[in-house]
Amino acid sequence: MAMPQRKVVLLLFIIINGICGLHIPQSPSRTVPRGGAISPPISSLARAYGELILTNPIITKSITAGSIFALSDVTAQALENKLKVKKEEIRNVIWKWKRGRTATNFLIGLCYFGPAAHFWYGWVFSILPSRSLPSTLGKAALGQVIFGPLFNILFFAVILFQSSTLTPSNLAHKIKVDLPGVLKSGAMFWPVVDIISYRFVAVKWIPLFINLMSFVWTIYLSLVANNNSNSNSNKQPLSSPPPNIPAVE
C-alpha cells in the first residue's frame with residue numbers, strides 16, 4: 001500500500017473511532033480521579049473536533065471536506081498512473097503529482113461542498129425532522145434528486161475549467177454523456193449511506209460521515225471527469241458525446 005493511502009486509512013480510522021468514542025455513554029456514578037486515567041488519544045481528538053463543529057461549524061466542515069477531497073484526488077492520480085503503467089506495459093515510470101488538480105479538488109470541498117452540506121442537512125432536517133424510515137427515505141430521495149445532480153454538474157464544470165476546456169458545449173456534452181451513468185452509480189451507493197447517516201448518526205456528525213464516504217466517491221468522480229476532460233482536450237470542435245461525478249446527501 002502506498003504511503004498516501006496508508007495515511008488516508010489511518011486518518012479514517014482515527015476519525016471513525018473518535019466518533020464512536022463520543023457516543024459511548026458514561027455512568028454518572030463513575031468518577032475518574034483527576035490525572036488518574038489516560039484518555040484515549042482518539043477520543044480526545046474526536047472531542048476536540050466536536051468542539052470545533054459546535055463553535056465554528058462551517059469553517060470546520062469546509063476544511064474537513066477540502067482535505068478529504070484533496071486526499072481523494074491524490075489517491076485517484078496514483079490509481080490513474082498505476083492503470084496507465086499496467087495498460088501500456090511501461091516500467092519505471094515516475095509518477096508526477098498534478099498539484100494544481102489536487103488544489104482544485106481541495107477548493108471544491110472547501111468552498112462548495114463543506115458549506116453546502118452544512119446548510120443542506122440543516123434544511124432537510126428542518127422539513128423532515130423525524131428519523132423514521134419514511135422520513136429517512138424522503139431525505140435520501142431529496143439528495144438524489146437535488147443535491148447530488150447539482151454537485152456532479154459543478155464538479156464537471158470545475159474539472160473542465162481546470163483543464164482549460166470549459167465551454168458551454170463541452171459542459172453540455174459531459175452532462176449528456178456522463179451524468180446519467182454517474183447518477184446510476186450513485187443510486188447504488190448514496191441511498192445506503194443516507195439511510196445509515198440519517199437513521200444512526202448524530203446530526204452534527206452527518207457532514208463528517210458523508211465526507212468520509214465521499215472520499216471513495218470523489219476518487220471515482222476524479223477518475224471519470226479527468227479521463228474525459230483529457231479526451232475533450234484532444235478533440236477540437238466538440239459536437240457530440242463524453243464525462244462525470246459525487247452526490248452527497
# chains A, B, ... in the order shown; residues from 1 in each chain; ligands from 1

$ residues_around --residues "region 49-64 of chain A" --least-positions-apart "3" --cutoff "10 Å" --atoms "only C-alpha atoms" --output "number ranges by chain"
A: 15, 18-19, 22, 43-46, 67-70, 106-119, 204-205, 207-208, 211-212

$ select_by_dssp --residues "region 16-217 of chain A" --states "alpha helix (DSSP H)" --output "PyMOL selection string"
chain A and resi 16-22+41-55+57-88+99-107+114-127+133-142+148-162+168-187+190-200+206-217

$ closest_atom_pairs --of "region 75-183 of chain A" --to "region 221-226 of chain A" --cutoff "7 Å" --atoms "only C-alpha atoms" --output "tab-separated table"
residue	atom	partner	partner_atom	distance
A:Ala76	CA	A:Leu223	CA	6.1
A:Phe156	CA	A:Ala225	CA	6.3
A:Ile159	CA	A:Ala225	CA	6.7

$ closest_residue --among "A:Val193, A:Ser130, A:Thr136, A:Trp217" --to "Asn152 (chain A)" --atoms "only C-alpha atoms"
A:Trp217

$ closest_residue --among "A:Leu166, A:Ile175, A:Ala65, A:Val145" --to "Ile210 (chain A)" --atoms "only C-alpha atoms"
A:Ala65

$ closest_residue --among "A:Gln144, A:Trp95, A:Leu128, A:Asn81" --to "Met188 (chain A)" --atoms "only C-alpha atoms"
A:Gln144

$ decode --residues "region 160-200 of chain A" --atoms "N, CA and C atoms" --output "PDB file, in the first residue's frame"
ATOM      1  N   LEU A 160     -13.357  20.751 -15.967  1.00  0.00           N
ATOM      2  CA  LEU A 160     -13.162  21.274 -17.324  1.00  0.00           C
ATOM      3  C   LEU A 160     -12.448  22.622 -17.278  1.00  0.00           C
ATOM      4  N   PHE A 161     -12.817  23.456 -16.325  1.00  0.00           N
ATOM      5  CA  PHE A 161     -12.165  24.769 -16.183  1.00  0.00           C
ATOM      6  C   PHE A 161     -10.694  24.598 -15.848  1.00  0.00           C
ATOM      7  N   GLN A 162     -10.412  23.678 -14.928  1.00  0.00           N
ATOM      8  CA  GLN A 162      -9.029  23.442 -14.511  1.00  0.00           C
ATOM      9  C   GLN A 162      -8.174  22.925 -15.659  1.00  0.00           C
ATOM     10  N   SER A 163      -8.791  22.189 -16.591  1.00  0.00           N
ATOM     11  CA  SER A 163      -8.058  21.662 -17.744  1.00  0.00           C
ATOM     12  C   SER A 163      -8.165  22.590 -18.958  1.00  0.00           C
ATOM     13  N   SER A 164      -8.715  23.802 -18.738  1.00  0.00           N
ATOM     14  CA  SER A 164      -8.829  24.820 -19.798  1.00  0.00           C
ATOM     15  C   SER A 164      -9.693  24.363 -20.971  1.00  0.00           C
ATOM     16  N   THR A 165     -10.685  23.543 -20.703  1.00  0.00           N
ATOM     17  CA  THR A 165     -11.578  23.079 -21.770  1.00  0.00           C
ATOM     18  C   THR A 165     -13.042  23.393 -21.463  1.00  0.00           C
ATOM     19  N   LEU A 166     -13.273  24.324 -20.527  1.00  0.00           N
ATOM     20  CA  LEU A 166     -14.654  24.636 -20.154  1.00  0.00           C
ATOM     21  C   LEU A 166     -15.300  25.549 -21.186  1.00  0.00           C
ATOM     22  N   THR A 167     -16.289  25.025 -21.878  1.00  0.00           N
ATOM     23  CA  THR A 167     -17.136  25.792 -22.786  1.00  0.00           C
ATOM     24  C   THR A 167     -18.556  25.287 -22.590  1.00  0.00           C
ATOM     25  N   PRO A 168     -19.563  26.072 -22.947  1.00  0.00           N
ATOM     26  CA  PRO A 168     -20.936  25.577 -22.803  1.00  0.00           C
ATOM     27  C   PRO A 168     -21.173  24.258 -23.530  1.00  0.00           C
ATOM     28  N   SER A 169     -20.594  24.109 -24.732  1.00  0.00           N
ATOM     29  CA  SER A 169     -20.809  22.873 -25.493  1.00  0.00           C
ATOM     30  C   SER A 169     -20.109  21.682 -24.838  1.00  0.00           C
ATOM     31  N   ASN A 170     -18.892  21.898 -24.321  1.00  0.00           N
ATOM     32  CA  ASN A 170     -18.179  20.811 -23.650  1.00  0.00           C
ATOM     33  C   ASN A 170     -18.896  20.374 -22.380  1.00  0.00           C
ATOM     34  N   LEU A 171     -19.387  21.358 -21.612  1.00  0.00           N
ATOM     35  CA  LEU A 171     -20.088  21.024 -20.383  1.00  0.00           C
ATOM     36  C   LEU A 171     -21.393  20.290 -20.686  1.00  0.00           C
ATOM     37  N   ALA A 172     -22.117  20.771 -21.685  1.00  0.00           N
ATOM     38  CA  ALA A 172     -23.365  20.111 -22.067  1.00  0.00           C
ATOM     39  C   ALA A 172     -23.096  18.687 -22.538  1.00  0.00           C
ATOM     40  N   HIS A 173     -22.009  18.514 -23.283  1.00  0.00           N
ATOM     41  CA  HIS A 173     -21.616  17.206 -23.791  1.00  0.00           C
ATOM     42  C   HIS A 173     -21.295  16.255 -22.637  1.00  0.00           C
ATOM     43  N   LYS A 174     -20.568  16.784 -21.654  1.00  0.00           N
ATOM     44  CA  LYS A 174     -20.167  15.985 -20.494  1.00  0.00           C
ATOM     45  C   LYS A 174     -21.389  15.558 -19.681  1.00  0.00           C
ATOM     46  N   ILE A 175     -22.297  16.504 -19.483  1.00  0.00           N
ATOM     47  CA  ILE A 175     -23.522  16.208 -18.737  1.00  0.00           C
ATOM     48  C   ILE A 175     -24.338  15.149 -19.458  1.00  0.00           C
ATOM     49  N   LYS A 176     -24.455  15.301 -20.771  1.00  0.00           N
ATOM     50  CA  LYS A 176     -25.263  14.373 -21.556  1.00  0.00           C
ATOM     51  C   LYS A 176     -24.694  12.963 -21.526  1.00  0.00           C
ATOM     52  N   VAL A 177     -23.382  12.854 -21.621  1.00  0.00           N
ATOM     53  CA  VAL A 177     -22.753  11.539 -21.739  1.00  0.00           C
ATOM     54  C   VAL A 177     -22.483  10.885 -20.386  1.00  0.00           C
ATOM     55  N   ASP A 178     -21.976  11.679 -19.431  1.00  0.00           N
ATOM     56  CA  ASP A 178     -21.515  11.078 -18.174  1.00  0.00           C
ATOM     57  C   ASP A 178     -22.492  11.146 -17.015  1.00  0.00           C
ATOM     58  N   LEU A 179     -23.292  12.191 -16.964  1.00  0.00           N
ATOM     59  CA  LEU A 179     -24.163  12.353 -15.802  1.00  0.00           C
ATOM     60  C   LEU A 179     -25.120  11.182 -15.582  1.00  0.00           C
ATOM     61  N   PRO A 180     -25.780  10.657 -16.617  1.00  0.00           N
ATOM     62  CA  PRO A 180     -26.690   9.521 -16.375  1.00  0.00           C
ATOM     63  C   PRO A 180     -25.987   8.329 -15.725  1.00  0.00           C
ATOM     64  N   GLY A 181     -24.776   8.002 -16.207  1.00  0.00           N
ATOM     65  CA  GLY A 181     -24.040   6.877 -15.632  1.00  0.00           C
ATOM     66  C   GLY A 181     -23.613   7.147 -14.199  1.00  0.00           C
ATOM     67  N   VAL A 182     -23.212   8.406 -13.921  1.00  0.00           N
ATOM     68  CA  VAL A 182     -22.797   8.774 -12.568  1.00  0.00           C
ATOM     69  C   VAL A 182     -23.984   8.691 -11.609  1.00  0.00           C
ATOM     70  N   LEU A 183     -25.132   9.196 -12.054  1.00  0.00           N
ATOM     71  CA  LEU A 183     -26.319   9.138 -11.211  1.00  0.00           C
ATOM     72  C   LEU A 183     -26.749   7.693 -10.961  1.00  0.00           C
ATOM     73  N   LYS A 184     -26.592   6.858 -11.967  1.00  0.00           N
ATOM     74  CA  LYS A 184     -26.948   5.446 -11.812  1.00  0.00           C
ATOM     75  C   LYS A 184     -26.035   4.780 -10.784  1.00  0.00           C
ATOM     76  N   SER A 185     -24.735   5.074 -10.888  1.00  0.00           N
ATOM     77  CA  SER A 185     -23.792   4.515  -9.915  1.00  0.00           C
ATOM     78  C   SER A 185     -24.085   5.056  -8.527  1.00  0.00           C
ATOM     79  N   GLY A 186     -24.381   6.368  -8.467  1.00  0.00           N
ATOM     80  CA  GLY A 186     -24.679   6.987  -7.184  1.00  0.00           C
ATOM     81  C   GLY A 186     -25.912   6.410  -6.533  1.00  0.00           C
ATOM     82  N   ALA A 187     -26.876   6.001  -7.340  1.00  0.00           N
ATOM     83  CA  ALA A 187     -28.115   5.432  -6.799  1.00  0.00           C
ATOM     84  C   ALA A 187     -27.871   4.097  -6.114  1.00  0.00           C
ATOM     85  N   MET A 188     -26.744   3.458  -6.412  1.00  0.00           N
ATOM     86  CA  MET A 188     -26.419   2.191  -5.763  1.00  0.00           C
ATOM     87  C   MET A 188     -25.516   2.401  -4.544  1.00  0.00           C
ATOM     88  N   PHE A 189     -25.047   3.644  -4.355  1.00  0.00           N
ATOM     89  CA  PHE A 189     -24.091   3.927  -3.281  1.00  0.00           C
ATOM     90  C   PHE A 189     -24.671   4.853  -2.220  1.00  0.00           C
ATOM     91  N   TRP A 190     -25.180   6.021  -2.665  1.00  0.00           N
ATOM     92  CA  TRP A 190     -25.581   7.044  -1.704  1.00  0.00           C
ATOM     93  C   TRP A 190     -26.838   6.742  -0.900  1.00  0.00           C
ATOM     94  N   PRO A 191     -27.865   6.080  -1.457  1.00  0.00           N
ATOM     95  CA  PRO A 191     -29.021   5.781  -0.616  1.00  0.00           C
ATOM     96  C   PRO A 191     -28.660   4.956   0.617  1.00  0.00           C
ATOM     97  N   VAL A 192     -27.733   4.012   0.463  1.00  0.00           N
ATOM     98  CA  VAL A 192     -27.295   3.207   1.606  1.00  0.00           C
ATOM     99  C   VAL A 192     -26.595   4.096   2.631  1.00  0.00           C
ATOM    100  N   VAL A 193     -25.712   4.966   2.119  1.00  0.00           N
ATOM    101  CA  VAL A 193     -25.010   5.899   3.006  1.00  0.00           C
ATOM    102  C   VAL A 193     -26.010   6.810   3.718  1.00  0.00           C
ATOM    103  N   ASP A 194     -27.002   7.296   2.968  1.00  0.00           N
ATOM    104  CA  ASP A 194     -28.004   8.196   3.545  1.00  0.00           C
ATOM    105  C   ASP A 194     -28.809   7.537   4.651  1.00  0.00           C
ATOM    106  N   ILE A 195     -29.239   6.298   4.399  1.00  0.00           N
ATOM    107  CA  ILE A 195     -30.052   5.601   5.398  1.00  0.00           C
ATOM    108  C   ILE A 195     -29.265   5.426   6.694  1.00  0.00           C
ATOM    109  N   ILE A 196     -27.981   5.079   6.562  1.00  0.00           N
ATOM    110  CA  ILE A 196     -27.148   4.921   7.752  1.00  0.00           C
ATOM    111  C   ILE A 196     -26.987   6.253   8.475  1.00  0.00           C
ATOM    112  N   SER A 197     -26.675   7.306   7.711  1.00  0.00           N
ATOM    113  CA  SER A 197     -26.411   8.605   8.338  1.00  0.00           C
ATOM    114  C   SER A 197     -27.656   9.216   8.953  1.00  0.00           C
ATOM    115  N   TYR A 198     -28.772   9.198   8.224  1.00  0.00           N
ATOM    116  CA  TYR A 198     -29.994   9.820   8.717  1.00  0.00           C
ATOM    117  C   TYR A 198     -30.630   9.066   9.882  1.00  0.00           C
ATOM    118  N   ARG A 199     -30.400   7.761   9.941  1.00  0.00           N
ATOM    119  CA  ARG A 199     -31.027   6.952  10.987  1.00  0.00           C
ATOM    120  C   ARG A 199     -30.154   6.801  12.232  1.00  0.00           C
ATOM    121  N   PHE A 200     -28.826   6.738  12.035  1.00  0.00           N
ATOM    122  CA  PHE A 200     -27.975   6.339  13.153  1.00  0.00           C
ATOM    123  C   PHE A 200     -26.892   7.334  13.550  1.00  0.00           C
TER     124      PHE A 200
END
